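Peer 1: What follows is input.pdb, made up of PDB, C-alpha atoms and all ligand atoms:
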```pdb
ATOM      1  CA  MET L   1       0.000   0.000   0.000
ATOM      2  CA  ASN L   2       1.223   3.525  -0.636
ATOM      3  CA  ILE L   3       0.590   6.536   1.612
ATOM      4  CA  SER L   4      -2.644   7.632  -0.085
ATOM      5  CA  ASP L   5      -4.070   4.058  -0.012
ATOM      6  CA  ILE L   6      -3.489   3.922   3.753
ATOM      7  CA  GLN L   7      -4.974   7.400   4.194
ATOM      8  CA  ASN L   8      -8.094   6.400   2.214
ATOM      9  CA  GLU L   9      -8.525   3.263   4.327
ATOM     10  CA  ILE L  10      -8.230   5.351   7.527
ATOM     11  CA  ILE L  11     -10.880   7.772   6.234
ATOM     12  CA  ARG L  12     -13.196   4.866   5.328
ATOM     13  CA  LEU L  13     -12.682   3.098   8.670
ATOM     14  CA  LYS L  14     -13.223   6.169  10.799
ATOM     15  CA  LYS L  15     -16.636   6.731   9.156
ATOM     16  CA  GLU L  16     -17.575   3.061   9.456
ATOM     17  CA  LYS L  17     -16.537   2.851  13.138
ATOM     18  CA  ASP L  18     -17.637   6.319  14.283
ATOM     19  CA  ILE L  19     -14.095   7.445  15.136
ATOM     20  CA  CYS L  20     -12.869  11.017  15.505
ATOM     21  CA  ILE L  21      -9.129  11.540  14.962
ATOM     22  CA  LEU L  22      -7.362  14.332  16.813
ATOM     23  CA  ALA L  23      -3.730  15.020  15.883
ATOM     24  CA  HIS L  24      -1.221  17.361  17.525
ATOM     25  CA  SER L  25       0.567  19.762  15.168
ATOM     26  CA  TYR L  26       3.884  17.983  15.837
ATOM     27  CA  GLN L  27       2.579  14.862  14.052
ATOM     28  CA  ALA L  28       3.667  13.969  10.518
ATOM     29  CA  LYS L  29       1.938  15.670   7.586
ATOM     30  CA  GLU L  30       0.372  12.430   6.332
ATOM     31  CA  ILE L  31      -1.292  11.982   9.749
ATOM     32  CA  LEU L  32      -2.531  15.590   9.962
ATOM     33  CA  GLU L  33      -4.150  15.145   6.529
ATOM     34  CA  VAL L  34      -6.550  12.451   7.801
ATOM     35  CA  ALA L  35      -7.344  14.070  11.170
ATOM     36  CA  ASP L  36     -10.671  15.708  12.014
ATOM     37  CA  PHE L  37      -9.024  18.203  14.363
ATOM     38  CA  THR L  38      -5.424  19.426  14.490
ATOM     39  CA  GLY L  39      -3.709  22.039  16.614
ATOM     40  CA  ASP L  40      -1.831  22.705  19.834
ATOM     41  CA  SER L  41      -2.589  21.120  23.209
ATOM     42  CA  TYR L  42      -5.131  23.744  24.219
ATOM     43  CA  LYS L  43      -7.115  23.661  20.989
ATOM     44  CA  LEU L  44      -7.187  19.859  21.002
ATOM     45  CA  SER L  45      -8.430  19.816  24.627
ATOM     46  CA  VAL L  46     -11.304  22.124  23.729
ATOM     47  CA  ASP L  47     -12.035  20.188  20.508
ATOM     48  CA  ALA L  48     -11.981  16.898  22.459
ATOM     49  CA  SER L  49     -14.610  18.218  24.876
ATOM     50  CA  LYS L  50     -17.037  18.766  21.966
ATOM     51  CA  VAL L  51     -16.560  15.551  19.991
ATOM     52  CA  GLY L  52     -19.805  13.678  19.206
ATOM     53  CA  ASN L  53     -18.286  10.340  18.042
ATOM     54  CA  LYS L  54     -18.278   7.196  20.191
ATOM     55  CA  ASN L  55     -14.520   6.675  19.700
ATOM     56  CA  ILE L  56     -11.586   9.090  19.812
ATOM     57  CA  VAL L  57      -8.087   8.385  18.515
ATOM     58  CA  MET L  58      -5.534  10.869  19.827
ATOM     59  CA  SER L  59      -2.479  10.956  17.584
ATOM     60  CA  GLY L  60       0.041  12.623  19.832
ATOM     61  CA  VAL L  61       1.498  11.588  23.168
ATOM     62  CA  ARG L  62       0.028   9.810  26.179
ATOM     63  CA  PHE L  63      -0.863  12.829  28.323
ATOM     64  CA  MET L  64      -2.931  14.173  25.396
ATOM     65  CA  ALA L  65      -4.878  10.903  25.105
ATOM     66  CA  GLU L  66      -5.396  10.921  28.888
ATOM     67  CA  THR L  67      -6.761  14.478  28.642
ATOM     68  CA  CYS L  68      -9.271  13.277  26.013
ATOM     69  CA  LYS L  69     -10.367  10.467  28.346
ATOM     70  CA  LEU L  70     -10.770  12.905  31.260
ATOM     71  CA  LEU L  71     -12.993  15.106  29.115
ATOM     72  CA  SER L  72     -14.948  12.214  27.569
ATOM     73  CA  PRO L  73     -14.985   9.414  30.149
ATOM     74  CA  ASP L  74     -17.890   7.627  28.428
ATOM     75  CA  LYS L  75     -16.066   7.412  25.106
ATOM     76  CA  ARG L  76     -13.414   4.951  24.101
ATOM     77  CA  VAL L  77     -10.116   6.800  23.688
ATOM     78  CA  TYR L  78      -7.092   5.274  21.953
ATOM     79  CA  LEU L  79      -3.393   6.156  21.616
ATOM     80  CA  PRO L  80      -2.054   4.723  18.302
ATOM     81  CA  ASN L  81       1.470   4.067  19.616
ATOM     82  CA  PRO L  82       1.584   3.025  23.294
ATOM     83  CA  ASP L  83       5.277   4.047  23.459
ATOM     84  CA  ALA L  84       4.504   7.693  22.698
ATOM     85  CA  GLY L  85       5.097   9.248  26.107
ATOM     86  CA  CYS L  86       6.384  12.707  26.989
ATOM     87  CA  SER L  87       9.728  13.097  28.733
ATOM     88  CA  MET L  88       8.430  16.118  30.628
ATOM     89  CA  ALA L  89       5.206  14.440  31.804
ATOM     90  CA  ASP L  90       7.188  11.463  33.089
ATOM     91  CA  GLN L  91       9.517  13.623  35.212
ATOM     92  CA  MET L  92       7.341  14.349  38.221
ATOM     93  CA  ASP L  93       5.184  12.154  40.382
ATOM     94  CA  ARG L  94       2.266  12.825  42.686
ATOM     95  CA  GLU L  95       4.173  12.182  45.936
ATOM     96  CA  LEU L  96       6.701  14.953  45.154
ATOM     97  CA  ILE L  97       3.931  17.496  44.543
ATOM     98  CA  GLU L  98       2.067  16.403  47.682
ATOM     99  CA  GLN L  99       5.236  17.065  49.712
ATOM    100  CA  MET L 100       5.650  20.494  48.059
ATOM    101  CA  LYS L 101       2.027  21.388  48.828
ATOM    102  CA  GLU L 102       2.666  20.649  52.509
ATOM    103  CA  ARG L 103       5.705  22.944  52.464
ATOM    104  CA  LEU L 104       3.837  25.691  50.556
ATOM    105  CA  PRO L 105       0.325  25.991  51.999
ATOM    106  CA  GLY L 106      -1.826  28.693  50.398
ATOM    107  CA  TYR L 107      -0.305  28.313  46.916
ATOM    108  CA  THR L 108      -2.473  27.456  43.904
ATOM    109  CA  VAL L 109      -0.884  24.495  42.114
ATOM    110  CA  VAL L 110      -0.805  25.180  38.381
ATOM    111  CA  ALA L 111       0.101  22.147  36.266
ATOM    112  CA  TYR L 112       1.222  22.383  32.682
ATOM    113  CA  ILE L 113      -1.007  20.011  30.726
ATOM    114  CA  ASN L 114       2.142  17.967  29.934
ATOM    115  CA  THR L 115       1.640  15.950  33.152
ATOM    116  CA  THR L 116       0.130  12.540  33.904
ATOM    117  CA  ALA L 117      -3.539  12.178  34.875
ATOM    118  CA  ASP L 118      -2.323  10.835  38.232
ATOM    119  CA  LEU L 119      -0.340  14.010  38.942
ATOM    120  CA  LYS L 120      -3.270  16.197  37.878
ATOM    121  CA  THR L 121      -5.348  14.686  40.715
ATOM    122  CA  VAL L 122      -3.408  16.806  43.255
ATOM    123  CA  CYS L 123      -3.286  20.040  41.198
ATOM    124  CA  ASP L 124      -5.741  22.958  41.096
ATOM    125  CA  VAL L 125      -5.705  24.076  37.476
ATOM    126  CA  CYS L 126      -4.054  23.056  34.226
ATOM    127  CA  VAL L 127      -2.578  25.382  31.635
ATOM    128  CA  THR L 128      -1.153  24.932  28.154
ATOM    129  CA  SER L 129       1.576  27.037  26.614
ATOM    130  CA  SER L 130      -1.016  29.176  24.800
ATOM    131  CA  SER L 131      -3.256  29.724  27.822
ATOM    132  CA  ALA L 132      -0.787  29.859  30.740
ATOM    133  CA  VAL L 133      -0.378  33.647  31.006
ATOM    134  CA  GLU L 134      -4.090  34.374  30.700
ATOM    135  CA  ILE L 135      -5.082  31.679  33.208
ATOM    136  CA  CYS L 136      -2.401  32.544  35.802
ATOM    137  CA  ARG L 137      -3.531  36.187  35.594
ATOM    138  CA  LYS L 138      -7.158  35.192  36.233
ATOM    139  CA  ILE L 139      -6.441  32.827  39.153
ATOM    140  CA  ASP L 140      -7.822  34.351  42.336
ATOM    141  CA  ASN L 141      -4.559  33.938  44.266
ATOM    142  CA  ASP L 142      -1.248  35.843  44.127
ATOM    143  CA  LYS L 143       0.775  32.758  45.095
ATOM    144  CA  ILE L 144       1.339  30.170  42.392
ATOM    145  CA  LEU L 145       3.296  26.927  42.442
ATOM    146  CA  PHE L 146       3.968  26.224  38.749
ATOM    147  CA  ILE L 147       4.915  22.673  37.712
ATOM    148  CA  PRO L 148       6.718  20.937  35.995
ATOM    149  CA  ASP L 149       8.308  23.257  33.383
ATOM    150  CA  CYS L 150      10.520  25.941  34.944
ATOM    151  CA  ASN L 151      11.131  27.562  31.523
ATOM    152  CA  LEU L 152       7.441  28.029  30.773
ATOM    153  CA  GLY L 153       6.968  29.015  34.434
ATOM    154  CA  ALA L 154       9.689  31.686  34.202
ATOM    155  CA  TYR L 155       8.119  33.033  30.993
ATOM    156  CA  VAL L 156       4.685  33.268  32.640
ATOM    157  CA  ALA L 157       6.093  34.779  35.846
ATOM    158  CA  ALA L 158       7.836  37.524  33.843
ATOM    159  CA  GLN L 159       4.495  38.515  32.266
ATOM    160  CA  ILE L 160       2.762  38.725  35.666
ATOM    161  CA  PRO L 161       5.287  40.422  38.016
ATOM    162  CA  GLU L 162       2.551  41.268  40.532
ATOM    163  CA  LYS L 163       2.194  37.574  41.471
ATOM    164  CA  GLU L 164       4.654  35.342  43.334
ATOM    165  CA  PHE L 165       5.690  32.174  41.466
ATOM    166  CA  LYS L 166       7.462  29.148  42.881
ATOM    167  CA  LEU L 167       9.033  27.007  40.157
ATOM    168  CA  VAL L 168      10.438  23.485  40.176
ATOM    169  CA  SER L 169      13.333  22.281  38.055
ATOM    170  CA  GLY L 170      11.666  20.303  35.299
ATOM    171  CA  GLY L 171      10.897  20.800  31.636
ATOM    172  CA  CYS L 172      11.110  19.518  28.103
ATOM    173  CA  PRO L 173      14.602  18.107  27.410
ATOM    174  CA  ILE L 174      14.134  18.743  23.688
ATOM    175  CA  HIS L 175      13.376  22.463  23.950
ATOM    176  CA  ALA L 176      15.625  23.025  26.985
ATOM    177  CA  CYS L 177      18.749  21.826  25.178
ATOM    178  CA  VAL L 178      18.620  24.686  22.652
ATOM    179  CA  ASN L 179      21.262  27.245  23.621
ATOM    180  CA  THR L 180      22.308  30.755  22.652
ATOM    181  CA  ASP L 181      25.079  29.405  20.379
ATOM    182  CA  ASP L 182      22.375  27.660  18.325
ATOM    183  CA  VAL L 183      20.575  31.007  18.104
ATOM    184  CA  LYS L 184      23.759  32.822  17.079
ATOM    185  CA  LYS L 185      24.475  30.274  14.324
ATOM    186  CA  ALA L 186      20.915  30.310  12.960
ATOM    187  CA  LYS L 187      20.802  34.120  12.937
ATOM    188  CA  ALA L 188      24.170  34.291  11.173
ATOM    189  CA  LEU L 189      22.915  31.882   8.487
ATOM    190  CA  HIS L 190      19.568  33.703   8.099
ATOM    191  CA  PRO L 191      20.145  37.351   9.072
ATOM    192  CA  ASP L 192      16.801  38.578   7.690
ATOM    193  CA  ALA L 193      14.678  35.955   9.418
ATOM    194  CA  GLU L 194      12.549  36.499  12.513
ATOM    195  CA  LEU L 195      13.087  34.067  15.387
ATOM    196  CA  LEU L 196       9.911  32.426  16.730
ATOM    197  CA  VAL L 197      10.300  30.201  19.811
ATOM    198  CA  HIS L 198       8.226  28.032  22.115
ATOM    199  CA  PRO L 199       8.259  29.094  25.802
ATOM    200  CA  GLU L 200       9.604  25.645  26.758
ATOM    201  CA  CYS L 201      12.985  27.038  25.581
ATOM    202  CA  THR L 202      15.223  28.616  28.220
ATOM    203  CA  PRO L 203      14.752  32.288  29.220
ATOM    204  CA  ARG L 204      18.105  33.108  27.541
ATOM    205  CA  VAL L 205      16.899  31.684  24.221
ATOM    206  CA  CYS L 206      13.472  33.331  24.610
ATOM    207  CA  ALA L 207      15.215  36.676  25.216
ATOM    208  CA  GLU L 208      16.621  36.483  21.662
ATOM    209  CA  ALA L 209      13.213  35.837  20.048
ATOM    210  CA  ASP L 210      11.000  38.154  18.023
ATOM    211  CA  TYR L 211       7.965  36.133  19.081
ATOM    212  CA  ILE L 212       7.337  33.600  21.878
ATOM    213  CA  GLY L 213       4.263  31.368  21.708
ATOM    214  CA  SER L 214       2.649  27.947  21.565
ATOM    215  CA  THR L 215       2.754  25.710  18.514
ATOM    216  CA  SER L 216      -0.406  27.335  17.105
ATOM    217  CA  GLY L 217       0.809  30.780  18.161
ATOM    218  CA  ILE L 218       4.029  30.330  16.182
ATOM    219  CA  MET L 219       2.154  29.020  13.128
ATOM    220  CA  ASN L 220      -0.440  31.814  13.170
ATOM    221  CA  TYR L 221       2.249  34.470  13.663
ATOM    222  CA  ALA L 222       4.239  33.236  10.650
ATOM    223  CA  ILE L 223       1.169  32.753   8.423
ATOM    224  CA  ASN L 224      -0.231  36.223   9.166
ATOM    225  CA  SER L 225       3.078  38.130   9.209
ATOM    226  CA  GLY L 226       4.100  40.451   6.385
ATOM    227  CA  LYS L 227       7.667  39.123   6.823
ATOM    228  CA  THR L 228       8.906  36.299   4.613
ATOM    229  CA  GLU L 229      11.659  34.482   6.544
ATOM    230  CA  PHE L 230      11.434  32.744   9.901
ATOM    231  CA  ILE L 231      13.639  30.615  12.157
ATOM    232  CA  ILE L 232      11.376  28.150  13.950
ATOM    233  CA  GLY L 233      12.348  27.411  17.566
ATOM    234  CA  THR L 234      10.125  24.464  18.312
ATOM    235  CA  GLU L 235       9.774  20.848  17.180
ATOM    236  CA  ILE L 236      11.142  20.501  13.695
ATOM    237  CA  SER L 237       7.814  19.370  12.158
ATOM    238  CA  ILE L 238       6.425  22.905  12.492
ATOM    239  CA  GLN L 239       9.060  24.222  10.086
ATOM    240  CA  GLU L 240       7.944  21.611   7.526
ATOM    241  CA  HIS L 241       4.197  22.230   8.024
ATOM    242  CA  LEU L 242       4.691  25.981   7.647
ATOM    243  CA  GLN L 243       6.703  25.511   4.468
ATOM    244  CA  TYR L 244       3.788  23.586   2.897
ATOM    245  CA  ARG L 245       1.269  26.116   4.186
ATOM    246  CA  CYS L 246       3.192  29.173   2.906
ATOM    247  CA  PRO L 247       5.315  28.077  -0.082
ATOM    248  CA  ASP L 248       6.237  31.695  -0.866
ATOM    249  CA  LYS L 249       7.856  32.224   2.543
ATOM    250  CA  ARG L 250      11.035  30.639   3.886
ATOM    251  CA  PHE L 251      11.201  28.637   7.133
ATOM    252  CA  TYR L 252      14.398  27.408   8.789
ATOM    253  CA  TYR L 253      14.740  25.232  11.874
ATOM    254  CA  LEU L 254      16.628  26.763  14.789
ATOM    255  CA  THR L 255      18.587  23.546  15.336
ATOM    256  CA  GLN L 256      18.275  19.908  14.293
ATOM    257  CA  LYS L 257      18.276  19.030  18.015
ATOM    258  CA  LEU L 258      14.606  20.040  18.109
ATOM    259  CA  ILE L 259      13.282  16.575  17.272
ATOM    260  CA  CYS L 260      10.868  15.006  19.744
ATOM    261  CA  PRO L 261      11.291  11.208  19.538
ATOM    262  CA  ASN L 262       7.984  10.749  21.347
ATOM    263  CA  MET L 263       6.017  12.752  18.805
ATOM    264  CA  LYS L 264       7.910  11.137  15.932
ATOM    265  CA  SER L 265       7.226   7.610  17.194
ATOM    266  CA  THR L 266       3.654   7.503  15.833
ATOM    267  CA  THR L 267       3.459   6.602  12.157
ATOM    268  CA  LEU L 268       0.606   6.578   9.659
ATOM    269  CA  VAL L 269       0.686   2.770   9.866
ATOM    270  CA  ASP L 270       0.267   2.953  13.673
ATOM    271  CA  LEU L 271      -2.765   5.163  13.102
ATOM    272  CA  TYR L 272      -4.143   2.753  10.483
ATOM    273  CA  ASN L 273      -3.657  -0.263  12.788
ATOM    274  CA  CYS L 274      -5.355   1.629  15.591
ATOM    275  CA  VAL L 275      -8.491   2.577  13.618
ATOM    276  CA  ALA L 276      -8.560  -0.945  12.143
ATOM    277  CA  GLY L 277      -8.633  -2.396  15.692
ATOM    278  CA  LYS L 278      -5.264  -4.124  15.184
ATOM    279  CA  GLY L 279      -3.039  -1.906  17.333
ATOM    280  CA  GLY L 280      -2.763   1.026  19.699
ATOM    281  CA  GLU L 281      -3.850   1.140  23.308
ATOM    282  CA  GLU L 282      -7.193   2.017  24.821
ATOM    283  CA  ILE L 283      -6.720   4.613  27.590
ATOM    284  CA  LEU L 284      -8.343   3.387  30.802
ATOM    285  CA  LEU L 285      -8.470   5.539  33.930
ATOM    286  CA  ASP L 286     -10.260   4.673  37.163
ATOM    287  CA  SER L 287     -13.249   6.804  38.168
ATOM    288  CA  ASP L 288     -11.468   8.385  41.165
ATOM    289  CA  THR L 289      -8.596   9.603  38.945
ATOM    290  CA  ILE L 290     -11.076  10.897  36.362
ATOM    291  CA  THR L 291     -13.109  12.843  38.952
ATOM    292  CA  LYS L 292     -10.069  14.400  40.645
ATOM    293  CA  ALA L 293      -7.938  15.077  37.555
ATOM    294  CA  ARG L 294     -10.813  16.430  35.498
ATOM    295  CA  ARG L 295     -11.344  19.319  37.901
ATOM    296  CA  CYS L 296      -8.161  21.054  36.788
ATOM    297  CA  ILE L 297      -8.913  20.495  33.084
ATOM    298  CA  ASP L 298     -12.432  21.933  33.521
ATOM    299  CA  GLU L 299     -10.924  24.870  35.402
ATOM    300  CA  MET L 300      -8.466  25.417  32.518
ATOM    301  CA  ILE L 301     -11.292  25.514  29.965
ATOM    302  CA  ARG L 302     -13.409  27.794  32.206
ATOM    303  CA  LEU L 303     -10.584  30.304  32.816
ATOM    304  CA  GLY L 304      -9.149  30.007  29.302
ATOM    305  CA  SER L 305     -12.331  30.679  27.370
TER     306      SER L 305
HETATM  307  P1  LIG T   1       1.665  23.144  22.673
HETATM  308  O1  LIG T   1       0.958  23.595  23.927
HETATM  309  O2  LIG T   1       2.256  24.285  21.929
HETATM  310  O3  LIG T   1       0.802  22.263  21.875
HETATM  311  O4  LIG T   1       2.941  22.300  23.128
HETATM  312  C1  LIG T   1       2.850  20.962  23.500
HETATM  313  C2  LIG T   1       4.168  20.380  23.628
HETATM  314  O5  LIG T   1       4.320  19.243  23.975
HETATM  315  C3  LIG T   1       5.304  21.235  23.315
HETATM  316  O6  LIG T   1       6.459  20.538  23.441
HETATM  317 FE1  LIG T   2       6.985  16.277  25.664
HETATM  318 FE2  LIG T   2       8.968  17.892  24.884
HETATM  319 FE3  LIG T   2       8.018  16.082  23.203
HETATM  320 FE4  LIG T   2       6.538  18.194  23.844
HETATM  321  S1  LIG T   2       8.471  18.206  22.706
HETATM  322  S2  LIG T   2       5.846  16.071  23.748
HETATM  323  S3  LIG T   2       7.135  18.480  25.998
HETATM  324  S4  LIG T   2       9.093  15.666  25.164
END
```
Represent the supplied structure as structure tokens.
Ligand code: 13P
Ligand code: SF4

Peer 2:
Amino acid sequence: MNISDIQNEIIRLKKEKDICILAHSYQAKEILEVADFTGDSYKLSVDASKVGNKNIVMSGVRFMAETCKLLSPDKRVYLPNPDAGCSMADQMDRELIEQMKERLPGYTVVAYINTTADLKTVCDVCVTSSSAVEICRKIDNDKILFIPDCNLGAYVAAQIPEKEFKLVSGGCPIHACVNTDDVKKAKALHPDAELLVHPECTPRVCAEADYIGSTSGIMNYAINSGKTEFIIGTEISIQEHLQYRCPDKRFYYLTQKLICPNMKSTTLVDLYNCVAGKGGEEILLDSDTITKARRCIDEMIRLGS
């Protein structure tokens, strides 16, 4: 079978089996082409809450599929490749946060959505990279414990100096390993390009950027800008997607280090096997986890809308 044969089979099977496919923007182009909804973590969370189908396939990483299950506990939710985790989400466990809460009473615990459902059960509100500043501003408390990404936390804290933020040392190893030498090299190679970066990059890298934003934020900025050249400081797939979307503009990756093996691990064949009922994993969460973890997702959608 070639790529378009597999895509056609996926489209046929999803109609036959009442499946909705959600795909994060970091997924491969051939996967995005057969998805019903695409976008960043926040958009997909909101889309997932409105899906009418009996079955949801989340082509992305595990915490995204768990978020779909939290929002649609009566639906069957599947992750096409069970190995697609997130190095950031796997960094922190519930016990650590429980200990921190004891040491910091009176703080609102804000969890980046890149966390496990189990960890979300002890947090107050979730945020995504596109909604974090707005939500932290609206929270009715001046004391915020922000977990697990200290880079995103530092970015948010700088936008809201009137509030006190406590950060922990965690984050995305892919974005965090970009350094100012990478920026210097990319700018020297492309002196007329604007630098657009994800806030999971370090504050020193963000300080060099012309624009800082989520996956969708970066894409919308580049699509709507009057400028024609951009260095893309987030997962390498975004540079490729933008190049297809705007063939008259030029997109360069900031560094080849920006490859997320978790996001890359799902293939079109994994997606096909999943919708065909021959692969993937159904996400199962117990009712106690769903009740407790869902509160902070609901709070994110309430404050973010
Ligand atoms: P977005 O919130 O931009 O979708 O980011 C998710 C993510 O995993 C970035 O590494
Ligand atoms: Fe997780 Fe980083 Fe990959 Fe995003 S890029 S899914 S935060 S490991």

Peer 1: Where does chain L meet ligand LIG 2 (chain T) within 6 Å, residue by residue, with the nearest atom pair and distance in Å to one decimal for each, counting all atoms listed in the file, listed by chain and rising number, as CSV?

Peer 2:
```
residue,atom,partner,partner_atom,distance
L:Cys86,CA,T:LIG2,FE1,3.9
L:Ser87,CA,T:LIG2,S4,4.4
L:Met88,CA,T:LIG2,FE1,5.2
L:Cys172,CA,T:LIG2,FE2,4.2
L:Ile174,CA,T:LIG2,FE2,5.4
L:Cys260,CA,T:LIG2,FE3,4.6
L:Asn262,CA,T:LIG2,FE3,5.6
L:Met263,CA,T:LIG2,FE3,5.9
```

Peer 1: Compare L:Leu268, L:Ile297, L:Leu195, L:Met64 by their minimum atom-to-atom distance to ligand LIG 1 (chain T), counting only C-alpha atoms and all ligand atoms, and give me the closest one.

Peer 2: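 Counting only C-alpha atoms and all ligand atoms, the residue closest to ligand LIG 1 (chain T) is L:Met64.
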
Peer 1: So which residues touch L:Ala157 within 10 Å, counting only C-alpha atoms, skipping near sequence neighbours fewer than 5 positions away, as a VMD selection string?

Peer 2: chain L and resid 132 to 133 136 to 137 144 146 150 to 152 162 to 167

Peer 1: Counting all atoms listed in the file, which residues of chain L sit at most 9 Å from some atom of ligand LIG 1 (chain T), and what is each one's closest atom pair with its distance in Å to one decimal, listed by chain and rising residue number, as CSV?

Peer 2:
```
residue,atom,partner,partner_atom,distance
L:His24,CA,T:LIG1,O3,6.9
L:Ser25,CA,T:LIG1,O3,7.2
L:Tyr26,CA,T:LIG1,O3,8.0
L:Gly39,CA,T:LIG1,O3,6.9
L:Asp40,CA,T:LIG1,O3,3.4
L:Ser41,CA,T:LIG1,O3,3.8
L:Tyr42,CA,T:LIG1,O1,6.1
L:Lys43,CA,T:LIG1,O3,8.1
L:Leu44,CA,T:LIG1,O3,8.4
L:Gly60,CA,T:LIG1,O5,8.9
L:Val61,CA,T:LIG1,O5,8.2
L:Met64,CA,T:LIG1,O5,9.0
L:Cys86,CA,T:LIG1,O5,7.5
L:Met88,CA,T:LIG1,O5,8.4
L:Tyr112,CA,T:LIG1,O1,8.8
L:Ile113,CA,T:LIG1,O1,7.9
L:Asn114,CA,T:LIG1,O5,6.5
L:Val127,CA,T:LIG1,O1,8.7
L:Thr128,CA,T:LIG1,O1,4.9
L:Ser129,CA,T:LIG1,O1,4.4
L:Ser130,CA,T:LIG1,O1,6.0
L:Ser131,CA,T:LIG1,O1,8.4
L:Cys172,CA,T:LIG1,O6,6.7
L:Ile174,CA,T:LIG1,O6,7.9
L:His175,CA,T:LIG1,O6,7.2
L:His198,CA,T:LIG1,O2,7.1
L:Pro199,CA,T:LIG1,O2,8.6
L:Glu200,CA,T:LIG1,O6,6.9
L:Gly213,CA,T:LIG1,O2,7.4
L:Ser214,CA,T:LIG1,O2,3.7
L:Thr215,CA,T:LIG1,O2,3.7
L:Ser216,CA,T:LIG1,O2,6.3
L:Gly217,CA,T:LIG1,O2,7.6
L:Ile218,CA,T:LIG1,O2,8.5
L:Thr234,CA,T:LIG1,O6,7.4
L:Glu235,CA,T:LIG1,O6,7.1
L:Cys260,CA,T:LIG1,O6,8.0
L:Met263,CA,T:LIG1,O5,8.5
```

Peer 1: Could you check which of L:Ile139, L:Ala154, L:Met58, L:Val168 is closest to L:Leu303, using only C-alpha atoms?

Peer 2: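 Using only C-alpha atoms, the shortest distance to L:Leu303 belongs to L:Ile139.
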
Peer 1: Please provide the set of residues having any atom within 6 Å of L:Pro80, restricted to only C-alpha atoms, with same-chain residues fewer than 5 positions apart removed, written as a tab-separated table (two decimals) with C-alpha atoms, in the frame of the given file.

Peer 2:
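And here's part.tsv as it stands now:
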```tsv
chain	number	residue	atom	x	y	z
L	270	ASP	CA	0.27	2.95	13.67
L	271	LEU	CA	-2.76	5.16	13.10
L	274	CYS	CA	-5.36	1.63	15.59
L	280	GLY	CA	-2.76	1.03	19.70
```

Peer 1: Of the candidates L:Ile301, L:Leu242, L:Val110, L:Ala65, which shows the shortest atom-to-atom distance to L:Cys126, using only C-alpha atoms?

Peer 2: L:Val110

Peer 1: From the options L:Tyr155, L:Val122, L:Arg294, L:Lys187, which residue's atoms come nearest to L:Leu96, counting only C-alpha atoms?

Peer 2: L:Val122

Peer 1: Hey, could you pull the box centre and edge lengths for stretch 144-155 of chain L, axis-aligned, 4 Å padding per side, all listed atoms, to one decimal in Å, as AutoDock Vina command-line options?

Peer 2:
```
--center_x 6.2 --center_y 27.0 --center_z 36.6 --size_x 17.8 --size_y 20.1 --size_z 19.7
```

Peer 1: Please provide the set of residues having any atom within 10 Å of L:Asp118, restricted to all atoms listed in the file, with same-chain residues fewer than 5 positions apart removed, written as a ChimeraX atom specification.

Peer 2: /L:66,93-94,123,285,288-290,292-293

Peer 1: Can you measure atom CA of L:Tyr244 to atom CA of L:Leu258 for me? One decimal in Å is fine.

Peer 2: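 Value for the atom CA of L:Tyr244-atom CA of L:Leu258 distance: 19.0 Å.
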
Peer 1: Between L:Arg302, L:Cys296, L:Lys29, L:Asp181, which is the closest to L:Thr108 once you count only C-alpha atoms?

Peer 2: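 Among L:Arg302, L:Cys296, L:Lys29, L:Asp181, it is L:Cys296 that comes nearest to L:Thr108.
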
Peer 1: Using all atoms listed in the file, which residues sit within 9 Å of L:Val275 once same-chain residues fewer than 3 positions away are excluded, as an MDAnalysis selection string?

Peer 2: chainID L and resid 10 13:14 17 19 57 78 80 270:272 278:280
